[in-house]
Each structure stands twice: as structure tokens, then as C-alpha cells.
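Step one of this worksheet: look at the structure below.
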Amino acid sequence: MSDLIWSAIAPEILLVIVASLVLVVEVWKRPPLKSMAWLIGAGLVGTWAAWFLQFSRLQDLMELGSPGTLAFNNMVVSDGTAVIAELILLVILTLGVAMAWPMLDEVGRRSAETLVLMFLATSGFMFLVASANLVMAFIGLEVGSISLYVLAAIARKSRLADEAAMKYFLLGSFASAVFIYGVALLYAGSGSVSIDALAVFNGRIIISPGVLYVSMAMLVVGVLFKVTAAPFHAWAPDVYQGSAAGVVGFMAASAKVGGFVALVRIVGITFARFEVDWRPALAAIAALSIVLGTLLALSQTDFRRMLAYSGVAHAGFILVGVTAGRSATEAILFYLAVYTVQLVAAFGIAAAVSGPTSSGSPFSSYKGLASRSPLMAAGLAVTMLGMSGMPITSGFIGKLGVFRSAWAQGLEWVVVVALVASVAAFFFYLRVIVDMYMRDVDEDTAEVPDEPRLAGRLAIAVAVVITILFGLYPAPLLDLIRNVVS
Amino acid sequence: MTEIVLFGIFGTVAIAGALSVILARNPIYSALGLMSTMFSLAVFYIMHLGHFVAAIQIIVYTGAVMTLFLFVIMLIGVDRSEDTAEQLPNQRRIVVGLGLTIAITTVVLTVGQNFKWVTAPGSGPANWDANAEATNGTIQAIGRVLFGADGAERTAGWALPFEVVSLLLIVAAVGAIALAFFRPLRKVEINPTETD
């Protein structure tokens with residue numbers, strides 16, 4: 001059994017071990033959250049070490065001229081895309097746990113379950129991004145998604161939260177059913193569920209059976225739902241507004257990374273042969289997401305709803321890259337890396353402003369935030385500029401990358417739509433900054449925000465550094481991605 | 001011949017059961033109808049050499065899921081009358097419209113040239129992948145595939161997905177405890193504007 005390459009799933013194994021330990025320790029000792037922090041910290045360090053092990057193995061392989069390795073009977077692949085996506089997921093988990101700490105404090109004994117679900121969700125999405133087999137992809141997707149459904153309901157104390165959790169669960173399960181139906185049809189039509197073998201099959205057939213088109217559409221729709229692309233975005237604003245504030249950034253960010261990397265693999269490898277068929281469809285969905293997300297974000301009165309609609313627009317921007325096929329993988333990974341970090345930071349600050357288990361975060365709470373909490377205001381201002389794609393921030397480099405890939409593939413019209421929408425989007429991002437710095441505090445409605453703890457401050461600082469540093473000097477991150485994603 | 005007779009019997013039972021699910025007035029009859037449909041499906045699986053799937057179908061659906069359904073029905077109350085008022089306006093029209101669209105698309109695509117719903121016989125896995133074998137759903141065959149002993153060389157088989165499914169069970173258990181086992185939040189502060 002030479003295909004048991006443990007390093008290929010090392011971070012996942014560590015995450016599962018930590019989650020199991022947390023469960024056992026919680027039942028056995030019921031430690032206070034402060035003691036649990038040591039276990040979580042050690043677990044995160046261990047997972048990072050496991051990731052470095054996997055990364056160094058990959059680099060060894062690349063020196064020998066191999067793009068990566070398949071493991072466990074071709075179920076998972078340890079290639080550049082998987083390793084970089086796992087790095088992004090690990091960063092999201094680390095920042096997410098740091099940002100969620102005030103919420104963990106507030107949910108009392110449910111904090112252990114929250115941490116376990118965050119770790120298991122990350123391991124599920126890691127299996128998804130590393131999968132070389134559609135069944136493996138589906139199981140990873142479900143482990144991740146079901147953990148997120150529970151996280152959405154973890155601190156429910158208002159009807160908005162109940163509504164969010166229920167909507168997310170029902171619509172998410174429906175999307176998963178569509179995805180697995182697509183996998184089943186694909187198997188019926190071809191006799192395989194391996195991503196690479198299907199690419200070979202699709203390359204060899206002479207006629208194009210309809211079952212392949214139907215299954216391709218179902219797979220793509222199932223994944224697009226998870227990444228909140230329009231017209232499959234209807235759940236996102238309610239979920240992002242209603243779910244527990246402390247974890248919603250983690251939820252939004254990790255689902256996006258998992259979904260987009262799976263999408264790149266499915267359309268870029270399995271269905272590469274049918275490029276002419278999926279490209280116009282994805283381009284149309286990208287344009288629709290960008291336009292709809294931007295227009296609806298303009299008219300929101302709640303910060304978290306606005307972030308949800310801006311997330312729809314961002315899903316569209318990343319889809320612009322996906323339409324270019326596999327050649328855009330580097331650009332997509334860079335975009336995901338910088339955007340998801342900003343997303344976690346922005347939701348984390350929203351949680352600090354409106355309360356860590358709150359549902360909703362109205363704009364009025366942000367008026368005059370700069371005078372109350374300069375650190376949070378500065379952090380939020382930088383992340384907003386980063387999300388808007390302002391030059392000198394990493395958001396600009398990310399947008400540039402995906403637009404250039406799409407332009408090179410002759411999709412000029414989508415790029416033009418995206419550029420116009422990016423300019424319009426400045427309005428709602430800047431409105432937050434204007435509220436924070438140029439308006440007076442509204443004494444009647446604004447609550448005094450909880451100043452984030454040390455871990456939260458460090459997480460904000462990391463997001464700010466990533467946004468500005470990789471905007472001014474993106475070479476290190478770009479090189480890291482380019483060196484392993486061939 | 002036996003297969004045709006069995007198919008006739010259980011096909012009729014399956015359809016009758018499915019019809020009773022939506023037509024029966026008493027929810028218990030609906031549940032029993034669903035059970036007979038599930039059972040008939042298990043018989044079809046055995047006809048196609050899917051012994052394992054057939055057993056799972058009976059254990060999981062006919063056994064566990066139906067028991068759960070009956071629990072729920074009993075909890076809600078058997079004699080509670082159903083609210084038959086239409087909740088969504090125009091729902092019927094939309095459903096008929098969508099159904100017609102799918103039917104017309106199917107006909108157009110099938111009649112159209114160079115388009116087949118499934119790959120033609122002989123173009124399946126055996127033809128493009130020399131290592132693939134005919135599908136066999138007996139328990140022995142599934143065991144061999146699961147543990148990677150079906151080829152000349154031993155592999156990990158489907159052990160990894162099988163193990164990862166156990167994570168799903170952990171998530172379900174943790175989620176059920178976190179959500180159903182109610183423990184009040186440390187600071188209970190309910191914003192009056194959010195609740196009513």
C-alpha cells in the first residue's frame with residue numbers, strides 16, 4: 001500500500017485530533033475557557049507545523065519535476081493549488097478563532113462545541129480543496145457545510161438568528177443534494193468519479209452526451225450556492241446578518257475558499273473539454289453577481305448585510321477569474337487569500353462594535369467610531385479600502401490578476417462590467433469610512449463597543465498588514481503561489 | 001421470467017405506495033405507503049445485484065427513517081387536520097410551467113442531432129479504462145473495493161472517504177448537542193428591537 005502518503009493530509013489529521021481532544025477534555029474536565037486556550041493554541045501551532053511538513057514535501061517533489069502527488073488511491077491530491085488553499089484556510093481559522101474569542105466567552109459552555117465545529121469545518125474544506133475525487137469532494141463539502149449550519153445557530157437569541165440558521169440549513173442541504181445528484185449522473189454517464197479520469201474520458205468521447213451537460217450544470221450550481229454567486233445568493237444576507245457575529249466571518253471566508261477551489265478543479269480539469277459551453281454561462285453569472293451585489297449593497301442599512309452583498313459582488317469578481325479556466329488559478333488564489341482575510345477582520349470588527357452574539361450591525365453604530373476606538377476604526381477603514389480594490393491595497397492586485405486572466409481569454413465585456421461596478425462599489429465602502437471618521441457619535445443608538453482583546457487586536461493587525469503590505473509589495477505572496485501552482 | 005414477475009409485483013407496489021403518500025388523508029397511511037415504496041426499491045436493488053444497497057435501504061430508510069417519521073407524526077398528533085390552503089400564490093402555475101419547460105427541453109435535445117442522453121452501449125468505462133471492471137454491488141465486491149483489494153495491487157481503496165464520513169457523524173452529534181441541549185448564554189441580554 002504505497003499510496004498512504006500521510007503528509008498529503010497532515011493538516012487535516014491534526015485538525016481532527018485537536019477537535020477530538022477538545023471534545024474529550026471538555027466532557028472530562030470542563031476547563032475554563034482560559035485553559036482551553038492553551039490546547040487550542042498548541043493545536044493551531046501543530047496544524048501549522050503539519051502544513052509546513054506538507055509544503056516542504058511538495059517542494060521536494062517539485063525539485064524532481066513533479067507537480068504534486070496523489071494519495072489514498074487517488075482520493076486526495078497534494079499539489080500547489082491544494083497546499084495554498086489549505087494555507088488560506090489555516091490563516092482564516094487562526095484569525096477566526098482569535099476574532100471569535102469574545103463570543104466564546106459569552107456562549108459559556110457552548111464554546112467547546114464552537115471551537116470543535118470551527119476546526120472540523122476547516123478540515124472538511126481542506127479535504128474539499130485537496131480532493132481528486134468527486135465523492136471525496138462531496139464528503140469534504142458536507143463536513144464543512146454542516147459544521148457551518150450549526151455554527152450559524154450557535155448563539156441564537158433572536159428570531160433573526162433562528163431564521164438565518166434555518167434558511168442556511170434548508171437551502172444549503174438543497175444545494176448539496178443538487179451537487180451529489182450531479183455526481184451520480186456523471187457516474188451514470190461515464191463510470192467514474194475521479195476528477196482526472198473524468199477529464200480523460202471527456203477528452204476522448206466523440207459525441208457529447210446530454211447527461212454530462214446536466215451533471216456539469218448541477219455540480220457548478222451546487223458549488224456556486226456555497227460561494228454566494230447570484231442568482232444563488234438569496235440566503236447570504238439573512239445568514240450573515242442573523243448568525244452569531246463572532247463566527248460569521250470565519251463561516252463566510254472558509255466556505256468561499258473551499259467552493260472556489262473546488263469549482264476551479266471541476267470546470268478547469270474535469271470539464272476542460274467543454275470550455276466553450278461553461279465559459280459563457282459562468283461569465284453571465286459573474287456579471288450578474290457583480291451587478292446585483294453592487295447595486296443591492298448600495299441600499300443596505302446594516303453593515304453585515306452590506307458585507308453579504310459585497311460578498312456576492314466579490315464572488316462575481318472571482319468568477320471572472322474562473323471563466324479563464326485553469327490559467328487563472330494563481331490569480332484566484334491570490335484574490336481569495338487577501339479577500340478572505342479582510343472578510344474575517346471586517347466581520348470581527350462588526351462583532352466588536354455590535355456585540356459578539358448580536359444579530360445585525362446597523363450603520364448608525366459606526367458613526368464616530370474613530371473617536372471611540374481608533375484601532376478598530378483604522379482596521380475597518382483599511383479592510384474596506386482593500387475590499388473596494390483601492391490601489392496600494394492588496395485588493396487592487398487581486399482584482400488586477402483575475403481581470404487580466406479573463407481579458408487574455410477574450411472576455412472583455414465581463415471585465416468592463418466588473419470595472420464599472422468596482423468604481424460604483426467605492427461608494428458603499430467609503431460610506432462606512434465617512435461614518436466612522438466624519439460623523440459625530442449618535443448617543444441614542446450607539447453602544448459602547450467592546451475593545452477587542454489582545455488576540456483580536458493581533459488579528460486585526462495581521463489583516464491590516466496583509467492588506468497594505470501585499471498591496472505595495474505583492475511579490476512574496478505572488479511568488480509563493482506561482483512557485484507551487486504550475 | 002422470475003425477474004419480470006417480481007418487477008411487475010413490486011413495481012405496482014412501489015407506485016401504489018408513492019401515490020398513497022400524497023393521496024392518503026391519514027398521515028400514518030402516508031408513512032406506511034412510503035415504507036412499502038422503500039421496500040419495493042430494495043427489491044429492485046437486489047435484482048440489479050445491489051445486495052449491499054438493498055440491505056442498507058431496508059435498515060436505514062424502511063427502519064430508521066420511517067421510525068423517525070412515525071415519531072414526528074405521533075408527536076404532532078395523528079388526528080390533526082391538514083391545512084390545505086395554498087400558501088404560495090401561483091405556485092401551481094409556476095410548477096406546471098417549469099415542468100413543461102423541462103419536458104420540452106428534453107424532447108428538443110433528444111430529437112436534436114448529435115445529442116444523446118447517455119453514452120452509447122460499449123462506450124462505458126470498460127472501453128476507455130482498461131482497469132475498470134463491470135459494476136458489481138454484492139457485499140463481497142463492495143468490501144474489496146472499499147479496502148482496495150480489488151485490483152492486482154493493493155491500494156488504500158475507498159478507506160479515506162469512508163473514514164472522513166465519520167467526521168460527518170461527529171459534526172452531527174456535536175451539532176445536535178450544541179443546539180438541542182439548551183444551556184443559557186452566560187450573559188442573557190435580549191435586545192427588545194430584535195425580538196417581538
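Here's how to read the names in the C-alpha cells: chain A, B, ... by the order shown, residue numbers from 1 in each chain, ligand numbers from 1 in the order shown.
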
Problem set entry | Counting only C-alpha atoms, chain A residues within 7 Å of chain B, as a PyMOL selection string | chain A and resi 1+3-4+72-73+106-108+110+113+117+136+139+143+147+150+154+157-159+189-191+201+207-211

Just the residues within 9 Å of Leu430 (chain A), please, counting only C-alpha atoms, with nothing from its chain fewer than 6 positions along; format it as a short mmCIF file (atom, residue, chain, number, x, y, z; two decimals) with C-alpha atoms, in the first residue's frame.
```cif
data_model
loop_
_atom_site.label_atom_id
_atom_site.label_comp_id
_atom_site.auth_asym_id
_atom_site.auth_seq_id
_atom_site.Cartn_x
_atom_site.Cartn_y
_atom_site.Cartn_z
CA ALA A 381 -11.04 51.56 7.14
CA MET A 384 -12.89 48.48 3.46
CA LEU A 385 -10.34 50.09 1.15
CA SER A 388 -13.03 48.11 -2.68
#
```

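Distances here use only C-alpha atoms; by that measure, the residue among A:Phe138, A:Phe55, A:Tyr213, A:Phe119 closest to Ile481 (chain A) is A:Phe55.
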
Neighbour list for Arg431 (chain A) as a PyMOL selection string, cut-off 12 Å, only C-alpha atoms, skip fewer than 5 positions in-chain:
chain A and resi 297-301+303+306+363-364+366-367+380-381+384-385+388+424-426+436-439

For Leu41 (chain B), find every residue with an atom within 9 Å (counting only C-alpha atoms), except residues of its own chain fewer than 4 positions away, and show them as a PDB file with C-alpha atoms, in the first residue's frame.
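Output saved as out_26.pdb:
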```
ATOM      1  CA  PHE B  10     -43.051  -4.695  -6.704  1.00  0.00           C
ATOM      2  CA  GLY B  11     -43.306  -2.015  -9.361  1.00  0.00           C
ATOM      3  CA  ALA B  14     -43.921   0.994  -5.341  1.00  0.00           C
ATOM      4  CA  SER B  36     -43.791  -0.061   1.087  1.00  0.00           C
ATOM      5  CA  THR B  37     -42.255   2.075  -1.685  1.00  0.00           C
ATOM      6  CA  TYR B  45     -31.666  -3.185  -5.958  1.00  0.00           C
ATOM      7  CA  ILE B  46     -31.332  -6.920  -5.331  1.00  0.00           C
ATOM      8  CA  ALA B  54     -30.705  -3.220  -0.664  1.00  0.00           C
ATOM      9  CA  GLN B  57     -32.137   0.662   2.105  1.00  0.00           C
TER      10      GLN B  57
END
```

Non-local contacts of Gly50 (chain B) (9 Å; only C-alpha atoms; under 4 positions in same chain excluded) as a PyMOL selection string:
chain B and resi 42+44-46+54-55+136-139

Save the residues we just selected, all heavy atoms, as a compact mmCIF listing (two decimals), in the first residue's frame?
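To be explicit, this is the file written out as selection-v6.txt:
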```txt
# COMPACT_ATOMS: atom_id res chain seq x y z
N ALA B 42 -35.87 -1.63 -2.51
CA ALA B 42 -34.83 -2.56 -2.08
C ALA B 42 -34.85 -3.83 -2.92
O ALA B 42 -33.80 -4.37 -3.28
CB ALA B 42 -35.02 -2.89 -0.60
N PHE B 44 -35.80 -4.00 -6.03
CA PHE B 44 -35.18 -3.66 -7.33
C PHE B 44 -33.65 -3.70 -7.22
O PHE B 44 -32.97 -4.13 -8.14
CB PHE B 44 -35.60 -2.26 -7.78
CG PHE B 44 -37.06 -2.14 -8.06
CD1 PHE B 44 -37.69 -0.92 -8.00
CD2 PHE B 44 -37.81 -3.25 -8.41
CE1 PHE B 44 -39.03 -0.80 -8.26
CE2 PHE B 44 -39.15 -3.15 -8.67
CZ PHE B 44 -39.77 -1.91 -8.59
N TYR B 45 -33.13 -3.20 -6.12
CA TYR B 45 -31.67 -3.19 -5.96
C TYR B 45 -31.12 -4.61 -5.99
O TYR B 45 -30.08 -4.87 -6.60
CB TYR B 45 -31.27 -2.50 -4.64
CG TYR B 45 -31.57 -1.02 -4.60
CD1 TYR B 45 -31.85 -0.38 -3.41
CD2 TYR B 45 -31.54 -0.25 -5.76
CE1 TYR B 45 -32.12 0.97 -3.36
CE2 TYR B 45 -31.82 1.09 -5.72
CZ TYR B 45 -32.11 1.70 -4.52
OH TYR B 45 -32.38 3.03 -4.48
N ILE B 46 -31.82 -5.53 -5.33
CA ILE B 46 -31.33 -6.92 -5.33
C ILE B 46 -31.33 -7.47 -6.75
O ILE B 46 -30.41 -8.15 -7.17
CB ILE B 46 -32.20 -7.79 -4.41
CG1 ILE B 46 -32.00 -7.33 -2.96
CG2 ILE B 46 -31.85 -9.27 -4.55
CD1 ILE B 46 -32.86 -8.04 -1.97
N ALA B 54 -29.37 -2.76 -1.04
CA ALA B 54 -30.71 -3.22 -0.66
C ALA B 54 -30.80 -3.35 0.85
O ALA B 54 -31.78 -2.89 1.47
CB ALA B 54 -30.99 -4.55 -1.33
N ALA B 55 -29.78 -3.96 1.46
CA ALA B 55 -29.81 -4.12 2.91
C ALA B 55 -29.82 -2.76 3.60
O ALA B 55 -30.59 -2.53 4.55
CB ALA B 55 -28.60 -4.93 3.36
N ASN B 136 -20.45 -4.26 -9.73
CA ASN B 136 -20.98 -5.41 -9.01
C ASN B 136 -21.26 -4.95 -7.59
O ASN B 136 -20.38 -4.46 -6.91
CB ASN B 136 -19.92 -6.51 -9.03
CG ASN B 136 -20.41 -7.76 -8.34
OD1 ASN B 136 -21.43 -7.74 -7.65
ND2 ASN B 136 -19.70 -8.84 -8.54
N GLY B 137 -22.51 -5.07 -7.19
CA GLY B 137 -22.89 -4.48 -5.90
C GLY B 137 -23.04 -5.48 -4.78
O GLY B 137 -23.68 -5.18 -3.79
N THR B 138 -22.47 -6.69 -4.93
CA THR B 138 -22.57 -7.62 -3.82
C THR B 138 -21.70 -7.15 -2.66
O THR B 138 -20.81 -6.33 -2.84
CB THR B 138 -22.12 -9.03 -4.23
OG1 THR B 138 -20.78 -8.92 -4.68
CG2 THR B 138 -23.00 -9.59 -5.32
N ILE B 139 -21.97 -7.72 -1.49
CA ILE B 139 -21.25 -7.25 -0.31
C ILE B 139 -19.77 -7.57 -0.42
O ILE B 139 -18.91 -6.75 -0.07
CB ILE B 139 -21.88 -7.86 0.95
CG1 ILE B 139 -23.28 -7.28 1.12
CG2 ILE B 139 -21.06 -7.56 2.18
CD1 ILE B 139 -24.12 -7.95 2.14
```

One residue among B:Leu88, B:Met47, B:Ile104, B:Ile59 is nearest to Val5 (chain B) when using only C-alpha atoms, and that residue is B:Met47

Could you name the residues that touch Asp79 (chain B) at 10 Å or less, counting only C-alpha atoms, but leaving out those on the same chain fewer than 3 positions away, as a PyMOL selection string? chain B and resi 25-28+73-74+76+82

For the selection just defined, write its residues with C-alpha atoms to a file, as a compact mmCIF listing (two decimals), in the first residue's frame.
```
# COMPACT_ATOMS: atom_id res chain seq x y z
CA ARG B 25 -55.85 11.56 4.38
CA ASN B 26 -54.30 9.96 7.43
CA PRO B 27 -50.57 10.68 7.78
CA ILE B 28 -49.98 7.20 9.19
CA ILE B 73 -46.34 12.22 13.26
CA MET B 74 -47.22 10.91 16.72
CA ILE B 76 -47.65 16.36 16.21
CA GLU B 82 -54.07 19.25 7.46
```

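Between CA of Phe274 (chain A) and CA of Ala421 (chain A) there is a distance of 29.0 Å.
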
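You can rank A:Ala253, A:Leu23, A:Ala377, A:Leu319 by their closest distance to Leu307 (chain A) using only C-alpha atoms, and at the top of that list sits A:Ala253.
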
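Computed from the coordinates, the CA of Leu49 (chain B) to CA of Leu186 (chain A) distance equals 20.8 Å.
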